[in-house]
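Peer 1: Structure: final35.cif, mmCIF, C-alpha atoms.
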```
data_upload
loop_
_atom_site.label_atom_id
_atom_site.label_comp_id
_atom_site.auth_asym_id
_atom_site.auth_seq_id
_atom_site.Cartn_x
_atom_site.Cartn_y
_atom_site.Cartn_z
CA MET A 873 -124.40 -93.13 86.21
CA THR A 874 -122.44 -94.37 83.23
CA LYS A 875 -118.69 -94.22 83.41
CA SER A 876 -118.37 -91.73 80.55
CA ARG A 877 -120.90 -89.42 82.15
CA ASN A 878 -119.03 -89.60 85.43
CA LEU A 879 -115.73 -88.77 83.80
CA ASN A 880 -117.31 -85.92 81.86
CA LYS A 881 -118.58 -84.59 85.15
CA TRP A 882 -115.04 -84.73 86.48
CA ILE A 883 -113.70 -82.89 83.46
CA GLY A 884 -116.25 -80.17 84.08
CA TYR A 885 -115.52 -80.26 87.79
CA SER A 886 -111.80 -79.91 87.36
CA GLY A 887 -112.45 -76.98 85.10
CA GLY A 888 -109.94 -77.87 82.44
CA PHE A 889 -109.33 -79.82 79.30
CA ALA A 890 -106.25 -81.51 80.64
CA VAL A 891 -108.05 -84.73 81.51
CA ALA A 892 -109.60 -84.94 78.07
CA ALA A 893 -106.18 -84.41 76.58
CA VAL A 894 -104.83 -87.20 78.74
CA LEU A 895 -107.45 -89.57 77.41
CA MET A 896 -106.68 -88.64 73.84
CA VAL A 897 -102.95 -89.11 74.04
CA GLY A 898 -103.11 -92.04 76.44
CA CYS A 899 -100.32 -90.83 78.65
CA VAL A 900 -99.57 -87.36 79.82
CA SER A 901 -96.18 -85.85 80.23
CA ASP A 902 -95.51 -83.00 82.55
CA VAL A 903 -92.49 -81.93 80.60
CA LYS A 904 -93.07 -78.54 79.04
CA LYS A 905 -91.13 -75.85 77.24
CA ALA A 906 -89.57 -73.28 79.51
CA GLU A 907 -90.86 -70.43 77.41
CA ASP A 908 -94.47 -71.56 77.86
CA ASN A 909 -96.52 -68.71 79.12
CA GLY A 910 -97.82 -69.74 82.51
CA GLY A 911 -98.11 -73.37 81.55
CA ALA A 912 -100.95 -72.71 79.11
CA GLU A 913 -99.50 -75.10 76.61
CA THR A 914 -98.14 -78.45 77.71
CA SER A 915 -96.07 -80.02 74.98
CA GLU A 916 -96.30 -83.73 74.38
CA VAL A 917 -93.05 -85.62 74.56
CA ASP A 918 -90.92 -85.89 71.47
CA SER A 919 -91.88 -89.21 69.92
CA SER A 920 -88.24 -90.10 69.36
CA GLY A 921 -87.77 -90.36 73.10
CA ALA A 922 -91.32 -90.96 74.26
CA GLN A 923 -90.39 -94.01 76.31
CA LEU A 924 -87.74 -92.06 78.09
CA MET A 925 -89.69 -88.90 78.58
CA THR A 926 -92.57 -90.67 80.22
CA ILE A 927 -90.33 -92.36 82.80
CA GLY A 928 -91.60 -89.72 85.18
CA GLY A 929 -94.85 -89.30 83.24
CA SER A 930 -97.13 -89.22 86.24
CA MET A 931 -95.41 -86.40 88.03
CA PHE A 932 -97.60 -86.36 91.08
CA SER A 933 -96.17 -86.72 94.53
CA ILE A 934 -98.52 -88.60 96.82
CA PRO A 935 -97.66 -87.95 100.47
CA SER A 936 -96.22 -90.92 102.31
CA PRO A 937 -98.80 -92.96 104.30
CA ILE A 938 -96.19 -93.06 107.06
CA GLN A 939 -96.61 -89.35 107.74
CA THR A 940 -100.31 -89.61 108.46
CA ALA A 941 -99.82 -92.77 110.52
CA MET A 942 -97.31 -90.79 112.62
CA LEU A 943 -99.90 -88.06 113.12
CA ILE A 944 -102.47 -90.65 114.24
CA GLU A 945 -100.08 -92.09 116.80
CA LYS A 946 -99.22 -88.58 118.02
CA SER A 947 -102.94 -87.81 118.42
CA GLY A 948 -103.11 -90.47 121.13
CA ALA A 949 -105.28 -92.93 119.21
CA ASP A 950 -104.86 -96.52 120.37
CA TYR A 951 -103.49 -99.20 118.07
CA ASN A 952 -106.38 -100.91 116.32
CA LYS A 953 -105.62 -104.08 114.42
CA GLY A 954 -109.19 -104.06 113.12
CA PHE A 955 -108.34 -101.24 110.74
CA LEU A 956 -105.82 -103.34 108.84
CA ASN A 957 -106.29 -105.60 105.86
CA ASP A 958 -106.03 -109.26 106.79
CA ALA A 959 -102.68 -110.64 105.60
CA LYS A 960 -104.37 -113.94 104.75
CA LYS A 961 -106.36 -112.24 102.01
CA VAL A 962 -103.26 -111.91 99.88
CA SER A 963 -103.93 -115.24 98.20
CA THR A 964 -107.34 -114.04 96.99
CA TYR A 965 -105.93 -111.24 94.82
CA ALA A 966 -105.88 -112.71 91.35
CA THR A 967 -105.35 -109.85 88.91
CA ASN A 968 -102.42 -107.46 88.68
CA TYR A 969 -104.88 -104.65 89.36
CA GLN A 970 -105.89 -106.20 92.70
CA LYS A 971 -102.31 -107.08 93.56
CA ALA A 972 -101.00 -103.59 92.85
CA LEU A 973 -103.70 -101.82 94.84
CA ASN A 974 -103.24 -104.17 97.77
CA LEU A 975 -99.47 -103.81 97.61
CA GLY A 976 -100.19 -100.16 98.42
CA VAL A 977 -102.70 -101.12 101.10
CA TYR A 978 -100.27 -103.48 102.85
CA GLY A 979 -97.53 -100.86 102.58
CA ALA A 980 -99.69 -98.41 104.52
CA ASP A 981 -100.51 -101.16 107.02
CA VAL A 982 -96.87 -102.02 107.61
CA GLY A 983 -96.17 -98.33 108.25
CA TYR A 984 -99.03 -98.17 110.77
CA VAL A 985 -98.00 -101.30 112.69
CA THR A 986 -94.34 -100.24 112.73
CA ILE A 987 -95.23 -96.84 114.18
CA TYR A 988 -97.12 -98.62 116.96
CA ASP A 989 -94.12 -100.93 117.58
CA GLN A 990 -96.00 -104.06 116.54
CA SER A 991 -92.90 -105.71 115.10
CA GLN A 992 -94.34 -109.21 114.67
CA ASP A 993 -97.32 -107.86 112.75
CA ALA A 994 -94.92 -105.80 110.65
CA LEU A 995 -92.93 -108.91 109.74
CA LYS A 996 -96.12 -110.69 108.73
CA TYR A 997 -97.06 -107.81 106.42
CA LEU A 998 -93.56 -107.62 104.96
CA GLY A 999 -93.88 -111.29 104.00
CA VAL A 1000 -97.14 -110.49 102.21
CA ILE A 1001 -95.55 -107.50 100.45
CA ASN A 1002 -92.66 -109.70 99.34
CA LYS A 1003 -95.13 -112.16 97.85
CA LEU A 1004 -97.04 -109.46 95.97
CA THR A 1005 -93.93 -107.81 94.54
CA ASP A 1006 -92.79 -111.24 93.32
CA GLU A 1007 -96.12 -111.90 91.67
CA LEU A 1008 -96.10 -108.46 90.05
CA GLY A 1009 -92.60 -109.09 88.71
CA ILE A 1010 -91.06 -106.22 90.65
CA THR A 1011 -87.43 -107.11 91.21
CA GLY A 1012 -84.74 -105.51 93.34
CA ALA A 1013 -87.06 -103.84 95.83
CA PHE A 1014 -88.35 -106.30 98.44
CA ASP A 1015 -86.69 -109.59 99.19
CA GLU A 1016 -85.58 -111.72 102.09
CA SER A 1017 -82.67 -109.39 102.78
CA THR A 1018 -85.09 -106.46 103.24
CA ILE A 1019 -86.95 -108.47 105.85
CA LYS A 1020 -83.69 -109.50 107.56
CA ARG A 1021 -82.50 -105.88 107.67
CA PHE A 1022 -85.88 -104.90 109.09
CA GLU A 1023 -85.46 -107.51 111.83
CA THR A 1024 -81.96 -106.35 112.71
CA ASN A 1025 -83.36 -102.82 113.16
CA PHE A 1026 -86.07 -103.83 115.62
CA GLY A 1027 -86.48 -101.05 118.16
CA LYS A 1028 -85.19 -98.36 115.80
CA ARG A 1029 -88.52 -97.15 114.51
CA ASP A 1030 -87.35 -94.55 112.00
CA SER A 1031 -84.76 -96.93 110.54
CA MET A 1032 -87.44 -99.59 110.08
CA LEU A 1033 -89.80 -97.09 108.46
CA ASN A 1034 -87.08 -95.83 106.14
CA LEU A 1035 -86.21 -99.37 105.07
CA VAL A 1036 -89.80 -99.92 103.99
CA ALA A 1037 -90.06 -96.48 102.37
CA VAL A 1038 -86.83 -96.97 100.39
CA ALA A 1039 -88.05 -100.39 99.25
CA TYR A 1040 -91.27 -98.76 97.99
CA ARG A 1041 -89.20 -96.06 96.26
CA ASN A 1042 -87.17 -98.78 94.54
CA SER A 1043 -90.42 -100.47 93.45
CA ASP A 1044 -91.65 -97.16 92.06
CA ALA A 1045 -88.39 -96.67 90.15
CA PHE A 1046 -88.53 -100.22 88.77
CA LEU A 1047 -92.11 -99.76 87.54
CA LYS A 1048 -91.30 -96.42 85.90
CA ASP A 1049 -88.16 -97.84 84.28
CA ASN A 1050 -90.23 -100.67 82.86
CA ASP A 1051 -93.03 -98.48 81.53
CA ARG A 1052 -95.51 -99.79 84.09
CA MET A 1053 -96.63 -96.46 85.47
CA ASN A 1054 -100.19 -97.80 85.72
CA VAL A 1055 -99.08 -100.36 88.32
CA GLY A 1056 -97.09 -97.71 90.19
CA ALA A 1057 -100.13 -95.42 90.23
CA LEU A 1058 -102.27 -98.21 91.73
CA VAL A 1059 -99.72 -98.90 94.46
CA LEU A 1060 -99.73 -95.22 95.44
CA ALA A 1061 -103.54 -95.04 95.27
CA GLY A 1062 -103.92 -98.18 97.42
CA GLY A 1063 -101.61 -96.80 100.09
CA TRP A 1064 -103.38 -93.47 100.10
CA ILE A 1065 -106.88 -94.98 100.38
CA GLU A 1066 -105.86 -97.35 103.19
CA THR A 1067 -104.36 -94.48 105.19
CA LEU A 1068 -107.42 -92.31 104.57
CA TYR A 1069 -109.57 -95.24 105.68
CA PHE A 1070 -108.05 -95.57 109.13
CA THR A 1071 -107.67 -91.80 109.48
CA THR A 1072 -111.39 -91.22 108.84
CA GLN A 1073 -112.39 -94.09 111.15
CA ILE A 1074 -110.29 -92.60 113.97
CA ALA A 1075 -111.48 -89.04 113.28
CA VAL A 1076 -115.16 -89.98 113.46
CA LYS A 1077 -114.56 -91.80 116.75
CA ASP A 1078 -112.11 -89.44 118.47
CA GLY A 1079 -112.81 -86.06 116.85
CA ASN A 1080 -109.16 -85.02 117.06
CA LYS A 1081 -108.77 -81.68 115.29
CA ASP A 1082 -105.34 -82.35 113.79
CA VAL A 1083 -106.50 -85.67 112.39
CA ILE A 1084 -109.67 -84.08 110.96
CA ASN A 1085 -107.60 -81.30 109.36
CA ARG A 1086 -105.34 -83.91 107.78
CA ILE A 1087 -108.40 -85.49 106.19
CA GLY A 1088 -109.44 -82.13 104.75
CA GLU A 1089 -105.95 -81.63 103.34
CA GLN A 1090 -106.42 -84.79 101.29
CA LYS A 1091 -108.55 -82.72 98.92
CA TYR A 1092 -105.32 -81.76 97.11
CA THR A 1093 -104.00 -85.30 97.00
CA LEU A 1094 -107.29 -86.78 95.85
CA ASN A 1095 -107.27 -84.46 92.84
CA ASN A 1096 -103.71 -85.55 92.04
CA ILE A 1097 -104.61 -89.24 92.38
CA VAL A 1098 -107.54 -88.89 89.99
CA LYS A 1099 -105.31 -87.11 87.46
CA MET A 1100 -102.66 -89.79 87.92
CA LEU A 1101 -105.13 -92.65 87.28
CA THR A 1102 -107.19 -91.03 84.52
CA PRO A 1103 -104.83 -92.05 81.68
CA TYR A 1104 -105.66 -95.68 82.46
CA TYR A 1105 -109.42 -95.17 82.70
CA ASN A 1106 -110.13 -97.38 79.71
CA GLN A 1107 -108.19 -100.33 81.09
CA PRO A 1108 -110.25 -103.11 82.69
CA GLU A 1109 -111.09 -102.53 86.38
CA TYR A 1110 -109.65 -99.00 86.54
CA ASP A 1111 -112.91 -97.30 85.60
CA VAL A 1112 -114.70 -98.40 88.78
CA LEU A 1113 -111.95 -97.03 90.99
CA VAL A 1114 -111.66 -93.75 89.07
CA ASN A 1115 -115.43 -93.26 89.17
CA ASP A 1116 -115.48 -93.93 92.91
CA LEU A 1117 -112.68 -91.44 93.48
CA ILE A 1118 -114.42 -88.82 91.37
CA GLU A 1119 -117.57 -89.26 93.45
CA LEU A 1120 -115.43 -88.88 96.56
CA ALA A 1121 -113.88 -85.72 95.08
CA TYR A 1122 -117.35 -84.16 94.99
CA ASP A 1123 -117.66 -84.70 98.73
CA PHE A 1124 -114.21 -83.25 99.30
CA ASP A 1125 -115.21 -80.28 97.20
CA ALA A 1126 -117.48 -79.15 100.03
CA ILE A 1127 -114.45 -78.83 102.34
CA ASP A 1128 -113.38 -75.21 102.64
CA ILE A 1129 -109.61 -74.66 102.49
CA GLN A 1130 -108.31 -71.12 102.99
CA TYR A 1131 -104.73 -70.54 101.95
CA THR A 1132 -102.73 -67.44 102.86
CA TYR A 1133 -99.29 -66.76 101.46
CA GLU A 1134 -96.63 -65.42 103.79
CA LYS A 1135 -93.03 -64.73 102.87
CA PRO A 1136 -90.71 -67.65 103.66
CA GLU A 1137 -87.64 -67.19 105.88
CA VAL A 1138 -84.28 -68.48 104.71
CA ASP A 1139 -81.45 -69.79 106.86
CA ILE A 1140 -78.62 -70.06 104.35
CA ALA A 1141 -76.10 -71.48 106.80
CA ASN A 1142 -78.34 -74.46 107.49
CA LYS A 1143 -79.69 -74.69 103.94
CA THR A 1144 -83.22 -74.36 105.28
CA THR A 1145 -86.28 -72.39 104.27
CA LYS A 1146 -89.12 -71.96 106.72
CA ILE A 1147 -92.45 -71.86 104.89
CA ASN A 1148 -94.73 -69.49 106.77
CA SER A 1149 -97.82 -69.71 104.58
CA LYS A 1150 -100.98 -70.88 106.32
CA THR A 1151 -103.74 -73.26 105.34
CA GLU A 1152 -107.00 -73.54 107.27
CA VAL A 1153 -109.42 -76.39 106.79
CA VAL A 1154 -113.13 -76.26 107.61
CA ILE A 1155 -115.02 -79.56 107.66
CA THR A 1156 -118.27 -80.27 109.50
CA PRO A 1157 -118.80 -83.47 111.54
CA LYS A 1158 -121.68 -84.41 109.27
CA HIS A 1159 -119.49 -84.08 106.21
CA LEU A 1160 -116.71 -86.01 107.87
CA LYS A 1161 -119.09 -88.92 108.41
CA VAL A 1162 -120.21 -88.86 104.78
CA ILE A 1163 -116.57 -88.96 103.63
CA ALA A 1164 -115.66 -91.68 106.16
CA ASP A 1165 -118.49 -93.91 104.91
CA LYS A 1166 -117.59 -93.38 101.28
CA VAL A 1167 -113.90 -94.04 101.89
CA ALA A 1168 -114.76 -97.24 103.80
CA ASN A 1169 -116.84 -98.39 100.86
CA ILE A 1170 -114.03 -97.78 98.35
CA ARG A 1171 -111.44 -99.35 100.61
CA ASN A 1172 -113.56 -102.42 101.26
CA LYS A 1173 -114.03 -102.95 97.53
CA ILE A 1174 -110.24 -102.88 97.14
CA VAL A 1175 -109.44 -105.33 99.90
CA GLY A 1176 -112.44 -107.52 99.14
CA GLN A 1177 -114.72 -107.14 102.14
CA MET B 380 -86.18 -104.81 49.29
CA ARG B 381 -88.55 -105.97 52.03
CA THR B 382 -85.71 -107.83 53.77
CA LYS B 383 -83.52 -104.74 53.64
CA THR B 384 -86.30 -102.59 55.10
CA LEU B 385 -86.87 -105.14 57.87
CA ARG B 386 -83.15 -105.17 58.67
CA ILE B 387 -83.07 -101.39 58.90
CA LEU B 388 -86.14 -101.37 61.14
CA SER B 389 -84.69 -104.13 63.32
CA ALA B 390 -81.42 -102.27 63.64
CA ALA B 391 -83.28 -99.05 64.51
CA LEU B 392 -85.34 -100.93 67.11
CA ILE B 393 -82.24 -102.45 68.69
CA VAL B 394 -80.51 -99.06 68.82
CA GLY B 395 -83.68 -97.48 70.22
CA LEU B 396 -84.07 -100.14 72.90
CA ALA B 397 -80.41 -99.87 73.80
CA TYR B 398 -80.82 -96.09 74.12
CA VAL B 399 -83.87 -96.49 76.32
CA GLY B 400 -82.15 -99.13 78.45
CA ASN B 401 -79.05 -96.98 78.76
CA ALA B 402 -81.08 -93.91 79.75
CA SER B 403 -82.99 -95.93 82.37
CA ALA B 404 -79.74 -97.25 83.79
CA GLN B 405 -78.30 -93.73 83.80
CA CYS B 406 -81.42 -92.42 85.59
CA ASP B 407 -81.04 -95.19 88.18
CA SER B 408 -77.41 -94.32 88.81
CA ILE B 409 -78.18 -90.60 89.13
CA ALA B 410 -81.14 -91.31 91.42
CA LYS B 411 -78.93 -93.43 93.69
CA ILE B 412 -76.32 -90.68 93.96
CA CYS B 413 -79.04 -88.07 94.48
CA ALA B 414 -80.60 -90.15 97.26
CA GLU B 415 -77.34 -89.82 99.21
CA ASN B 416 -78.30 -86.18 99.83
CA VAL B 417 -81.31 -87.39 101.79
CA THR B 418 -79.52 -88.54 104.91
CA ALA B 419 -80.59 -91.23 107.36
CA ASP B 420 -82.46 -88.78 109.60
CA TYR B 421 -85.03 -88.36 106.83
CA ILE B 422 -87.59 -90.99 105.82
CA SER B 423 -88.08 -91.43 102.09
CA ASP B 424 -91.48 -90.46 100.70
CA GLY B 425 -91.39 -93.79 98.82
CA GLN B 426 -91.41 -92.37 95.31
CA SER B 427 -88.92 -91.91 92.50
CA TYR B 428 -89.22 -88.78 90.34
CA ARG B 429 -87.39 -88.72 87.06
CA ALA B 430 -87.64 -87.28 83.55
CA LEU B 431 -85.32 -87.00 80.60
CA LEU B 432 -84.96 -83.33 79.74
CA ILE B 433 -83.66 -81.77 76.57
CA GLY B 434 -82.61 -78.14 76.29
CA ASP B 435 -84.96 -75.78 78.07
CA GLN B 436 -87.70 -78.29 78.87
CA VAL B 437 -89.12 -78.11 82.36
CA ALA B 438 -90.29 -81.09 84.41
CA GLU B 439 -93.12 -80.21 86.72
CA PHE B 440 -94.64 -82.15 89.56
CA ARG B 441 -97.34 -81.48 92.09
CA ALA B 442 -96.76 -82.19 95.76
CA THR B 443 -98.52 -81.60 99.05
CA PHE B 444 -96.23 -80.87 101.97
CA TYR B 445 -97.71 -81.42 105.41
CA GLY B 446 -97.52 -78.90 108.21
CA GLY B 447 -95.33 -79.94 111.12
CA SER B 448 -92.87 -81.74 108.85
CA THR B 449 -89.42 -80.86 107.59
CA TYR B 450 -88.68 -82.01 104.07
CA ARG B 451 -85.39 -82.48 102.32
CA ILE B 452 -85.69 -82.12 98.57
CA ALA B 453 -82.76 -83.14 96.39
CA GLY B 454 -82.55 -82.55 92.65
CA CYS B 455 -79.82 -83.92 90.41
CA SER B 456 -78.86 -84.45 86.81
CA GLY B 457 -75.62 -86.06 85.76
CA PHE B 458 -72.98 -87.04 88.25
CA THR B 459 -71.90 -83.63 89.50
CA ASP B 460 -73.75 -81.03 91.56
CA GLY B 461 -75.36 -77.98 90.07
CA ASN B 462 -76.69 -79.48 86.85
CA LEU B 463 -80.34 -79.20 87.84
CA ILE B 464 -82.18 -76.03 88.81
CA PHE B 465 -85.38 -76.43 90.78
CA GLU B 466 -88.00 -73.98 91.93
CA ILE B 467 -90.95 -74.40 94.28
CA TYR B 468 -94.22 -72.49 93.97
CA ASP B 469 -97.35 -72.43 96.09
CA GLU B 470 -100.87 -72.86 94.74
CA ASP B 471 -101.04 -69.14 93.85
CA HIS B 472 -97.70 -69.42 92.03
CA ASN B 473 -95.81 -67.43 94.64
CA GLN B 474 -92.21 -68.58 94.49
CA LEU B 475 -91.16 -70.22 97.74
CA PHE B 476 -87.69 -71.31 96.67
CA ALA B 477 -85.29 -71.20 93.75
CA SER B 478 -82.09 -73.28 93.88
CA SER B 479 -80.50 -70.82 91.43
CA GLU B 480 -80.33 -68.32 94.30
CA TYR B 481 -78.09 -70.73 96.21
CA LYS B 482 -75.50 -71.77 93.63
CA ASN B 483 -77.83 -74.40 92.18
CA THR B 484 -77.60 -76.39 95.38
CA SER B 485 -78.49 -80.04 94.93
CA PHE B 486 -80.57 -80.18 98.12
CA TRP B 487 -82.39 -77.93 100.54
CA ASP B 488 -84.54 -78.36 103.65
CA PHE B 489 -88.03 -76.95 104.09
CA GLU B 490 -89.88 -76.54 107.37
CA PHE B 491 -93.62 -76.41 106.81
CA GLY B 492 -95.63 -74.91 109.66
CA SER B 493 -98.85 -75.53 107.76
CA THR B 494 -99.80 -77.84 104.91
CA VAL B 495 -99.14 -76.31 101.48
CA ASP B 496 -99.96 -77.57 98.02
CA CYS B 497 -96.94 -76.91 95.80
CA THR B 498 -95.57 -77.27 92.32
CA ILE B 499 -91.92 -78.10 91.80
CA GLU B 500 -90.36 -77.16 88.48
CA ALA B 501 -87.02 -78.60 87.46
CA LYS B 502 -84.87 -77.72 84.47
CA LEU B 503 -81.31 -78.35 83.36
CA ASN B 504 -78.57 -75.84 84.01
CA SER B 505 -77.91 -75.11 80.35
CA VAL B 506 -74.41 -73.83 81.12
CA ASN B 507 -73.38 -77.35 82.18
CA VAL B 508 -75.64 -79.75 80.29
CA LYS B 509 -77.81 -79.80 77.17
CA SER B 510 -79.78 -82.96 77.96
CA GLY B 511 -79.99 -85.52 80.69
CA CYS B 512 -81.99 -87.38 83.25
CA ALA B 513 -83.44 -85.16 85.95
CA THR B 514 -84.13 -86.92 89.23
CA MET B 515 -85.64 -85.68 92.45
CA VAL B 516 -85.66 -87.37 95.83
CA VAL B 517 -87.82 -86.33 98.78
CA GLY B 518 -87.47 -87.26 102.43
CA PHE B 519 -89.23 -86.03 105.55
CA LYS B 520 -88.96 -85.95 109.32
CA GLN B 521 -91.53 -84.96 111.95
#
```
Using structure tokens, write down the structure that the file contains.

Peer 2:
Amino acid sequence: MTKSRNLNKWIGYSGGFAVAAVLMVGCVSDVKKAEDNGGAETSEVDSSGAQLMTIGGSMFSIPSPIQTAMLIEKSGADYNKGFLNDAKKVSTYATNYQKALNLGVYGADVGYVTIYDQSQDALKYLGVINKLTDELGITGAFDESTIKRFETNFGKRDSMLNLVAVAYRNSDAFLKDNDRMNVGALVLAGGWIETLYFTTQIAVKDGNKDVINRIGEQKYTLNNIVKMLTPYYNQPEYDVLVNDLIELAYDFDAIDIQYTYEKPEVDIANKTTKINSKTEVVITPKHLKVIADKVANIRNKIVGQ
Amino acid sequence: MRTKTLRILSAALIVGLAYVGNASAQCDSIAKICAENVTADYISDGQSYRALLIGDQVAEFRATFYGGSTYRIAGCSGFTDGNLIFEIYDEDHNQLFASSEYKNTSFWDFEFGSTVDCTIEAKLNSVNVKSGCATMVVGFKQ
């Protein structure tokens, strides 16, 4: 299938003209006028401040890989080093596209190894991440001091995870500030795919219901990732990834997700709202295997296996 | 004539770049202050959300919140609390939260029993500010 046909299929699949609009303007903004009626009209950013307005241009929140890694550990799955990308491969990533995607991949890996208290492996991956951020020209996020602080927090798992997460947030801010949203989008996509890779591998093997449900819930995130990457579709290398993700989205489309709204409960004293709405995911073992195989294929292309 | 035009364009470019640089720096400063609302018991989601808003513009972003997690969402604009109003909707556009109902609080916690796909809309509190950098920071704990 040609790339344009695949993207057209996606536009039809997503049921809207938003993606086409993204391609036409090159970069979408999610800033709209308050009086818009139900979001029917999304206004493009004022050209006088376009640079500024697109600082948060890709306004999609991709869930942290750390959360799913925590779920995997909670499910009782054993630590499996075989799921991770080999740190030695870092020297084989030549283009910024490869470096950015694998910066995301290694970020997910460092989260996984930290959750399983594999501190020495975590240090090795942090060194690799430091190298990639240097090569990508991302300053002020990862450096030797990040690694030192990580070491001084050995044994305090959440502190170690937060150090990594804050460093990734600083990278994201740097890339947005410097109008490099495409690189930021690849980092997020790489992290998401790596996490989905080891989640699907574990789910196929163990059949844990919570882990399988988490895979089904990625249907939402996959749609957001495709929308986030689509503005860069015409840049070299991006088209292959976007096409692969669109093909994957078709498989996710067969997953049935039933959502039921229930009124939230508010605890004003503790500034907390309890969200009572329910989501149910239905995914067959056969479908899970199809998705697992496809994710492995995409992931292996990214890491170079 | 050509030299004069070039000078004007150069001056405009310098002013424009300075404005962009200044806005980025301002966004960074606001984001850092906003992040203080997400205390050490929360792990950052690893992303930085920011947009320059003018007047009644609304910044919108899509997020999936996982069941079994508690999220802290902080929204800020400028260097004082209450300048940003944020609202959270589910996939059917049922309103789950509006900061305006709680004195435009700059942060709030959300306990998700089940995974929910949401949209967060953020706009300036026009009583306090007419334009500015809107930043949001998200942290979670399980």

Peer 1: Nearest residue to B:Val506 out of B:Asp435, B:Asp488, B:Asp407, B:Asp469, using all atoms listed in the file?

Peer 2: B:Asp435

Peer 1: Evaluated on this file, the PyMOL selection byres ((chain B) within 7 of (chain A)) picks out some residues - which ones are they, written as a ChimeraX atom specification?

Peer 2: /B:399,403,422-431,435-443,475,487-496

Peer 1: If you apply the PyMOL selection byres ((chain A and resi 988-1001) around 8) to this file, what residues do you get, as a list in words?

Peer 2: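 What the PyMOL selection byres ((chain A and resi 988-1001) around 8) grabs from the file is Glu945, Tyr951, Ala959, Val962, Leu975, Tyr978, Gly979, Asp981, Val982, Gly983, Tyr984, Val985, Thr986, Ile987, Asn1002, Lys1003, Leu1004, Thr1005, Phe1014, Ile1019, Glu1023, Phe1026, Gly1027 and Arg1029 of chain A.
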
Peer 1: Pick from B:Ala404, B:Asn416, B:Leu463, B:Ser505: nearest to B:Ala477, with all atoms listed in the file counted?

Peer 2: B:Leu463

Peer 1: So what does the PyMOL selection byres ((chain A and resi 1176) around 9) actually pick up in this one, as a CSV table (one decimal) with C-alpha atoms, keeping the file's coordinate frame?

Peer 2:
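Resulting contents of selection-v7.csv:
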```csv
chain,number,residue,atom,x,y,z
A,961,LYS,CA,-106.4,-112.2,102.0
A,964,THR,CA,-107.3,-114.0,97.0
A,965,TYR,CA,-105.9,-111.2,94.8
A,1171,ARG,CA,-111.4,-99.4,100.6
A,1172,ASN,CA,-113.6,-102.4,101.3
A,1173,LYS,CA,-114.0,-103.0,97.5
A,1174,ILE,CA,-110.2,-102.9,97.1
A,1175,VAL,CA,-109.4,-105.3,99.9
A,1177,GLN,CA,-114.7,-107.1,102.1
```

Peer 1: May I have the residues within 9 Å of stretch 464-466 of chain B as a short mmCIF file (atom, residue, chain, number, x, y, z; two decimals) with C-alpha atoms, keeping the file's coordinate frame, using all atoms listed in the file and disregarding those fewer than 5 positions away in the same chain?

Peer 2:
```cif
data_model
loop_
_atom_site.label_atom_id
_atom_site.label_comp_id
_atom_site.auth_asym_id
_atom_site.auth_seq_id
_atom_site.Cartn_x
_atom_site.Cartn_y
_atom_site.Cartn_z
CA GLY B 454 -82.55 -82.55 92.65
CA CYS B 455 -79.82 -83.92 90.41
CA GLN B 474 -92.21 -68.58 94.49
CA LEU B 475 -91.16 -70.22 97.74
CA PHE B 476 -87.69 -71.31 96.67
CA ALA B 477 -85.29 -71.20 93.75
CA SER B 478 -82.09 -73.28 93.88
CA SER B 479 -80.50 -70.82 91.43
CA ASN B 483 -77.83 -74.40 92.18
CA THR B 484 -77.60 -76.39 95.38
CA SER B 485 -78.49 -80.04 94.93
CA THR B 498 -95.57 -77.27 92.32
CA ILE B 499 -91.92 -78.10 91.80
CA GLU B 500 -90.36 -77.16 88.48
CA ALA B 501 -87.02 -78.60 87.46
CA LYS B 502 -84.87 -77.72 84.47
CA LEU B 503 -81.31 -78.35 83.36
CA ASN B 504 -78.57 -75.84 84.01
#
```

Peer 1: Nearest to A:Asp1082 among B:Asp420, B:Ile412, B:Ile452, B:Tyr445, with distances taken over all atoms listed in the file: which residue is it?

Peer 2: B:Tyr445

Peer 1: Could you state the separation of atom CA of A:Gly976 and atom CA of A:Ile1087 in Å, given to one decimal place?

Peer 2: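 Distance reported for this atom pair: 18.5 Å.
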
Peer 1: At what distance in Å, to one decimal, does atom CA of A:Trp1064 lie from atom CA of A:Leu956?

Peer 2: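 Atom CA of A:Trp1064 lies 13.4 Å from atom CA of A:Leu956.
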
Peer 1: First collect every listed atom of stretch 483-495 of chain B; then fit an axis-aligned box around them, widen it by 4 Å on each side, and give centre and edge lengths in Å to one decimal, as JSON.

Peer 2:
```
{"center_x": -88.7, "center_y": -77.3, "center_z": 100.9, "size_x": 30.2, "size_y": 13.8, "size_z": 25.5}
```

Peer 1: Enter the distance from atom CA of A:Thr967 to atom CA of A:Glu1109, in Å, rounded to one decimal.

Peer 2: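 Between these atoms lies a distance of 9.6 Å.
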
Peer 1: Find the residue from A:Asn1169, A:Ser947, A:Gln1130, A:Ile1155 that sits nearest to B:Asp471; use all atoms listed in the file when measuring.

Peer 2: A:Gln1130

Peer 1: Could you check which of B:Gly461, B:Gly511, B:Gly434, B:Gly447 is closest to B:Gln405, using only C-alpha atoms?

Peer 2: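 For B:Gln405, the nearest of the given residues is B:Gly511.
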